[in-house]
Amino acid sequence: MSTVKEDRNNVLLEKGARYVSATNARAFDIVASRGQGSWLWDVNGTKYLDFTSGIAVNNVGHCHPKVVAAVKEQVEKLIHTAMVTSHEKLIELCEKIAQIAPGRLDTTFLNNSGGEAIDCAVKFARYVTKRPNTLCFTGSFHGRTLLATALTSSKSKYRDGYEPLPSGIQSMPYPYCYRCPVGQTPGQCKLECFDVVEHYFKHFVKPESVAAIVMEPQLGEGGYVVPGSGYTGADNYMRRLRELCDKYGIMLILDEVQSGFGRTGKWFAANHWDIEPDIMVCAKGIASGFPMAGIVSRHELFQKWPPGKHGSTYGGNPIACAAALASIGVIEEENLLENAEKSGIYLRHRVEEMQKQFGFIGDVRGLGLMIGIELVTEDGSPDSKRLEKLVEECFKRKMLMLDCGTDDHIIRFLPPLNVSREELDLGLSIFEESLKAVQ
Ligand SMILES: Cc1ncc(COP(=O)(O)O)c(C=O)c1O
């Protein structure tokens with residue numbers, strides 16, 4: 001009898017390499033079997049501290065008991081109706097979203113993934129404004145559909161090989177203060193990056209032909225950049241963008257796919273600037289991992305989009321709706337907005353302390369528990385090599401962390417919003433040991 005325990009993880013990975021498309025690349029060679037809160041186990045029983053939250057999806061942690069219970073209850077009652085009928089949970093969820101969405105956003109259309117919801121938002125804006133063009137920002141990631149790909153520029157690899165992409169799209173510089181796209185000094189500038197928008201209107205597209213400006217209110221895959229964070233004036237980039245859209249009748253579409261549902265310490269990142277988008281795009285954290293996404297806008301605008309102009313077979317599925325209602329309930333009952341804000345401040349403070357010791361930490365930034373740490377070489381260039389090693393060192397110590405940024409040189413802290421102080425401290429000590437290991 002063999003005494004060597006079978007490495008089931010590797011056996012399954014080998015089988016998967018034959019049958020599962022490798023295109024949907026995975027960050028770690030783990031076959032997960034179980035998750036609970038901030039923890040994930042593989043099929044061998046190895047336990048990992050998961051600070052990725054399934055890329056900002058498991059905002060209330062893996063398998064929160066209240067989400068599990070709500071899903072179990074729903075699955076016994078009703079699984080699917082498509083657009084054949086409405087159902088209770090759909091109406092309840094849309095009413096709930098109206099209560100937590102910014103300002104006057106009170107009506108929701110649901111579908112299944114972030115990219116699909118981005119397409120939906122642009123179709124909606126084009127239909128309502130009767131205008132053809134869309135502006136977006138360099139460094140953004142909006143998804144994998146062809147239209148979302150055309151709006152995406154976090155990395156050229158996402159576009160390469162898929163051209164021609166849908167037209168009528170212009171990209172503007174994202175207000176990335178740490179690496180100012182127009183060569184200014186953060187805190188001393190006059191938001192020159194904003195003037196580029198008017199420049200575009202003069203040279204490329206008339207504002208009257210622009211249906212929408214699409215923006216991530218904190219850049220996600222592109223590097224966890226908070227827009228205009230180095231600008232200290234009373235006026236700010238996001239407010240000016242809102243005013244510009246009002247001036248020209250352009251719809252402001254905020255992509256809150258990664259930043260939404262409490263991730264930034266408020267329900268939505270838009271709340272940080274007290275602005276109201278015309279259309280808000282949601283996905284990820286909305287339903288704790290059940291496929292759900294959607295757009296939220298004002299009722300009067302939705303009145304201009306007649307029944308049948310857009311649709312989705314699975315959108316607003318009863319089980320996903322039950323999971324979403326339970327997840328929102330948990331965020332409210334467990335005060336997770338407050339916890340995300342407090343834990344985020346603590347995390348940033350601790351990493352800023354580490355920054356004094358490790359000169360290769362260039363920038364620590366982010367809202368709530370959406371924190372990015374940018375690694376730089378001695379001359380200030382992106383240090384992707386060291387970043388790769390850092391992720392590996394964290395993995396060796398059984399902690400999962402993801403990278404992001406155009407040059408893969410930013411590491412992100414994305415624990416669930418209900419992460420405990422003990423778990424944060426454990427994660428921070430693993431992170432510090434890993435920093436030492438790559439010094
Ligand atoms: C900001 C943002 N928008 C859109 C998407 C696309 O979402 P999905 O993968 O659900 O299509 C993502 C995914 O990472 C994202 O981060």
# chains A, B, ... in the order shown; residues from 1 in each chain; ligands from 1
call {"tool": "select_by_dssp", "arguments": {"residues": "segment 150-231 of chain A", "states": "helix (DSSP H, G or I)", "output": "VMD selection string"}}
result
chain A and resid 150 to 151 156 to 158 177 to 179 192 to 203 207 to 209
call {"tool": "write_last_selection", "arguments": {"atoms": "C-alpha atoms", "output": "PDB file, in the first residue's frame"}}
result
ATOM      1  CA  ALA A 150     -13.332  48.529 -27.850  1.00  0.00           C
ATOM      2  CA  LEU A 151     -13.729  50.598 -24.665  1.00  0.00           C
ATOM      3  CA  SER A 156      -3.319  46.035 -25.660  1.00  0.00           C
ATOM      4  CA  LYS A 157      -3.443  42.215 -25.451  1.00  0.00           C
ATOM      5  CA  TYR A 158      -7.164  42.445 -24.705  1.00  0.00           C
ATOM      6  CA  CYS A 177      -1.863  61.551 -10.626  1.00  0.00           C
ATOM      7  CA  TYR A 178       1.064  59.306  -9.621  1.00  0.00           C
ATOM      8  CA  ARG A 179       1.993  59.114 -13.311  1.00  0.00           C
ATOM      9  CA  GLU A 192      -4.774  70.102 -17.192  1.00  0.00           C
ATOM     10  CA  CYS A 193      -5.757  66.485 -17.916  1.00  0.00           C
ATOM     11  CA  PHE A 194      -9.363  67.641 -17.934  1.00  0.00           C
ATOM     12  CA  ASP A 195      -8.680  70.202 -20.671  1.00  0.00           C
ATOM     13  CA  VAL A 196      -7.912  67.286 -22.979  1.00  0.00           C
ATOM     14  CA  VAL A 197     -11.644  66.561 -23.149  1.00  0.00           C
ATOM     15  CA  GLU A 198     -12.368  69.959 -24.699  1.00  0.00           C
ATOM     16  CA  HIS A 199      -9.398  69.393 -27.010  1.00  0.00           C
ATOM     17  CA  TYR A 200     -11.073  66.190 -28.222  1.00  0.00           C
ATOM     18  CA  PHE A 201     -14.306  68.035 -28.816  1.00  0.00           C
ATOM     19  CA  LYS A 202     -12.429  70.555 -30.964  1.00  0.00           C
ATOM     20  CA  HIS A 203     -10.426  68.042 -32.973  1.00  0.00           C
ATOM     21  CA  PRO A 207     -19.894  67.139 -28.056  1.00  0.00           C
ATOM     22  CA  GLU A 208     -23.372  67.109 -29.595  1.00  0.00           C
ATOM     23  CA  SER A 209     -22.510  63.780 -31.217  1.00  0.00           C
TER      24      SER A 209
END
call {"tool": "closest_atom_pairs", "arguments": {"of": "chain A", "to": "ligand 1", "cutoff": "6 Å", "atoms": "only C-alpha atoms and all ligand atoms", "output": "JSON lines"}}
result
{"residue": "A:Ser113", "atom": "CA", "partner": "ligand 1", "partner_atom_place_in_ligand_line": "10 (O)", "distance": 3.8}
{"residue": "A:Gly114", "atom": "CA", "partner": "ligand 1", "partner_atom_place_in_ligand_line": "7 (O)", "distance": 3.3}
{"residue": "A:Gly115", "atom": "CA", "partner": "ligand 1", "partner_atom_place_in_ligand_line": "11 (O)", "distance": 3.6}
{"residue": "A:Phe141", "atom": "CA", "partner": "ligand 1", "partner_atom_place_in_ligand_line": "2 (C)", "distance": 5.4}
{"residue": "A:His142", "atom": "CA", "partner": "ligand 1", "partner_atom_place_in_ligand_line": "4 (C)", "distance": 3.7}
{"residue": "A:Gly143", "atom": "CA", "partner": "ligand 1", "partner_atom_place_in_ligand_line": "6 (C)", "distance": 3.6}
{"residue": "A:Glu216", "atom": "CA", "partner": "ligand 1", "partner_atom_place_in_ligand_line": "1 (C)", "distance": 5.9}
{"residue": "A:Gly220", "atom": "CA", "partner": "ligand 1", "partner_atom_place_in_ligand_line": "16 (O)", "distance": 5.3}
{"residue": "A:Glu221", "atom": "CA", "partner": "ligand 1", "partner_atom_place_in_ligand_line": "16 (O)", "distance": 5.9}
{"residue": "A:Asp255", "atom": "CA", "partner": "ligand 1", "partner_atom_place_in_ligand_line": "1 (C)", "distance": 5.6}
{"residue": "A:Val257", "atom": "CA", "partner": "ligand 1", "partner_atom_place_in_ligand_line": "2 (C)", "distance": 4.7}
{"residue": "A:Gln258", "atom": "CA", "partner": "ligand 1", "partner_atom_place_in_ligand_line": "16 (O)", "distance": 4.7}
call {"tool": "select_by_dssp", "arguments": {"residues": "segment 89-333 of chain A", "states": "strand (DSSP E or B)", "output": "VMD selection string"}}
result
chain A and resid 107 to 111 133 to 137 169 to 172 210 to 215 251 to 255 279 to 282 293 to 297
call {"tool": "write_last_selection", "arguments": {"atoms": "C-alpha atoms", "output": "short mmCIF file (atom, residue, chain, number, x, y, z; two decimals), in the first residue's frame"}}
result
data_model
loop_
_atom_site.label_atom_id
_atom_site.label_comp_id
_atom_site.auth_asym_id
_atom_site.auth_seq_id
_atom_site.Cartn_x
_atom_site.Cartn_y
_atom_site.Cartn_z
CA THR A 107 -34.80 51.80 -12.00
CA THR A 108 -32.78 48.71 -12.91
CA PHE A 109 -32.29 46.42 -15.90
CA LEU A 110 -30.59 43.13 -15.00
CA ASN A 111 -28.41 40.81 -17.05
CA ASN A 133 -20.18 58.44 -30.23
CA THR A 134 -18.74 57.28 -26.90
CA LEU A 135 -15.75 58.56 -24.94
CA CYS A 136 -13.79 56.40 -22.54
CA PHE A 137 -10.45 56.49 -20.70
CA ILE A 169 -15.06 55.42 -29.58
CA GLN A 170 -12.37 57.89 -28.44
CA SER A 171 -10.13 57.36 -25.43
CA MET A 172 -9.00 60.18 -23.11
CA VAL A 210 -21.41 62.13 -27.97
CA ALA A 211 -23.95 59.81 -26.37
CA ALA A 212 -21.89 58.86 -23.34
CA ILE A 213 -18.67 59.12 -21.40
CA VAL A 214 -17.83 55.78 -19.78
CA MET A 215 -15.55 55.79 -16.75
CA MET A 251 -24.79 60.57 -20.43
CA LEU A 252 -22.24 59.87 -17.71
CA ILE A 253 -21.88 56.10 -17.41
CA LEU A 254 -19.99 55.00 -14.31
CA ASP A 255 -18.68 51.45 -14.44
CA ILE A 279 -26.27 55.25 -15.85
CA MET A 280 -24.48 53.06 -13.34
CA VAL A 281 -23.14 49.67 -14.38
CA CYS A 282 -23.06 46.93 -11.71
CA ALA A 293 -25.07 42.38 -13.59
CA GLY A 294 -27.15 45.32 -14.63
CA ILE A 295 -27.60 48.99 -15.28
CA VAL A 296 -29.31 51.46 -12.99
CA SER A 297 -30.72 54.76 -14.24
#
call {"tool": "closest_residue", "arguments": {"among": "A:Ala98, A:Ala148, A:Leu12, A:Ala287", "to": "Pro166 of chain A", "atoms": "only C-alpha atoms"}}
result
A:Ala148
call {"tool": "residues_around", "arguments": {"residues": "Met354 of chain A", "least_positions_apart": "5", "cutoff": "9 Å", "atoms": "only C-alpha atoms", "output": "list in words"}}
result
His349, Gly359, Ile361, Glu432 and Leu435 of chain A
call {"tool": "write_last_selection", "arguments": {"atoms": "N, CA and C atoms", "output": "mmCIF file, in the first residue's frame"}}
result
data_model
loop_
_atom_site.group_PDB
_atom_site.id
_atom_site.type_symbol
_atom_site.label_atom_id
_atom_site.label_comp_id
_atom_site.auth_asym_id
_atom_site.auth_seq_id
_atom_site.Cartn_x
_atom_site.Cartn_y
_atom_site.Cartn_z
ATOM 1 N N HIS A 349 -2.687 52.506 6.263
ATOM 2 C CA HIS A 349 -1.753 53.053 7.236
ATOM 3 C C HIS A 349 -0.593 52.076 7.464
ATOM 4 N N GLY A 359 11.850 50.825 -0.111
ATOM 5 C CA GLY A 359 11.868 51.947 -1.053
ATOM 6 C C GLY A 359 11.215 51.627 -2.394
ATOM 7 N N ILE A 361 8.318 50.433 -2.796
ATOM 8 C CA ILE A 361 6.870 50.721 -2.806
ATOM 9 C C ILE A 361 6.720 52.179 -3.226
ATOM 10 N N GLU A 432 4.362 41.568 4.705
ATOM 11 C CA GLU A 432 5.646 42.144 5.111
ATOM 12 C C GLU A 432 6.790 41.131 4.940
ATOM 13 N N LEU A 435 7.534 40.957 1.358
ATOM 14 C CA LEU A 435 8.298 42.134 0.913
ATOM 15 C C LEU A 435 9.784 41.930 1.230
#
call {"tool": "closest_residue", "arguments": {"among": "A:Met370, A:Leu40, A:Val391, A:Met399", "to": "Ala56 of chain A", "atoms": "only C-alpha atoms"}}
result
A:Met370
call {"tool": "atom_distance", "arguments": {"atom1": "atom CA of Pro277 of chain A", "atom2": "atom CA of Thr264 of chain A"}}
result
16.8 Å
call {"tool": "residues_around", "arguments": {"residues": "Leu165 of chain A", "least_positions_apart": "4", "cutoff": "8 Å", "atoms": "only C-alpha atoms", "output": "list in words"}}
result
Leu146, Leu147, Thr149 and Ala150 of chain A
call {"tool": "residues_around", "arguments": {"residues": "Lys398 of chain A", "least_positions_apart": "2", "cutoff": "8 Å", "atoms": "only C-alpha atoms", "output": "NGL selection string"}}
result
:A and (47-49 or 394-396 or 400)
call {"tool": "write_last_selection", "arguments": {"atoms": "all heavy atoms", "output": "CSV table (one decimal), in the first residue's frame"}}
result
chain,number,residue,atom,x,y,z
A,47,LYS,N,-5.2,25.2,3.0
A,47,LYS,CA,-6.1,26.4,3.3
A,47,LYS,C,-5.3,27.7,2.9
A,47,LYS,O,-4.1,27.8,3.2
A,47,LYS,CB,-6.3,26.4,4.9
A,47,LYS,CG,-7.2,27.4,5.4
A,47,LYS,CD,-7.3,27.2,6.9
A,47,LYS,CE,-8.1,28.3,7.6
A,47,LYS,NZ,-8.1,28.2,9.0
A,48,TYR,N,-6.0,28.6,2.3
A,48,TYR,CA,-5.4,29.8,1.8
A,48,TYR,C,-6.2,31.0,2.4
A,48,TYR,O,-7.4,31.0,2.4
A,48,TYR,CB,-5.5,29.9,0.3
A,48,TYR,CG,-4.6,28.9,-0.4
A,48,TYR,CD1,-5.2,27.6,-0.7
A,48,TYR,CD2,-3.3,29.1,-0.7
A,48,TYR,CE1,-4.4,26.6,-1.4
A,48,TYR,CE2,-2.5,28.1,-1.3
A,48,TYR,CZ,-3.1,26.9,-1.6
A,48,TYR,OH,-2.3,25.9,-2.2
A,49,LEU,N,-5.5,32.1,2.7
A,49,LEU,CA,-6.1,33.3,3.1
A,49,LEU,C,-6.4,34.1,1.8
A,49,LEU,O,-5.5,34.4,1.0
A,49,LEU,CB,-5.1,34.2,4.0
A,49,LEU,CG,-5.7,35.5,4.5
A,49,LEU,CD1,-6.9,35.4,5.3
A,49,LEU,CD2,-4.6,36.2,5.3
A,394,CYS,N,3.8,35.6,-1.5
A,394,CYS,CA,2.6,35.6,-0.7
A,394,CYS,C,1.9,34.2,-0.9
A,394,CYS,O,1.5,33.6,0.1
A,394,CYS,CB,1.6,36.7,-1.2
A,394,CYS,SG,2.1,38.3,-0.8
A,395,PHE,N,2.0,33.7,-2.1
A,395,PHE,CA,1.4,32.4,-2.4
A,395,PHE,C,2.1,31.3,-1.6
A,395,PHE,O,1.4,30.4,-1.0
A,395,PHE,CB,1.4,32.1,-3.9
A,395,PHE,CG,0.7,30.8,-4.3
A,395,PHE,CD1,-0.6,30.6,-3.9
A,395,PHE,CD2,1.4,29.9,-5.0
A,395,PHE,CE1,-1.2,29.4,-4.3
A,395,PHE,CE2,0.8,28.7,-5.4
A,395,PHE,CZ,-0.5,28.4,-5.0
A,396,LYS,N,3.4,31.4,-1.5
A,396,LYS,CA,4.2,30.4,-0.8
A,396,LYS,C,3.7,30.3,0.7
A,396,LYS,O,3.8,29.3,1.3
A,396,LYS,CB,5.7,30.7,-0.8
A,396,LYS,CG,6.4,30.2,-2.0
A,396,LYS,CD,7.9,30.4,-1.6
A,396,LYS,CE,8.7,30.6,-2.9
A,396,LYS,NZ,10.0,31.3,-2.7
A,400,LEU,N,-3.5,34.5,-1.0
A,400,LEU,CA,-3.8,34.8,-2.4
A,400,LEU,C,-3.9,36.3,-2.6
A,400,LEU,O,-4.8,37.0,-2.0
A,400,LEU,CB,-5.1,34.1,-2.9
A,400,LEU,CG,-5.2,32.6,-2.6
A,400,LEU,CD1,-6.5,32.0,-3.2
A,400,LEU,CD2,-4.0,31.9,-3.2
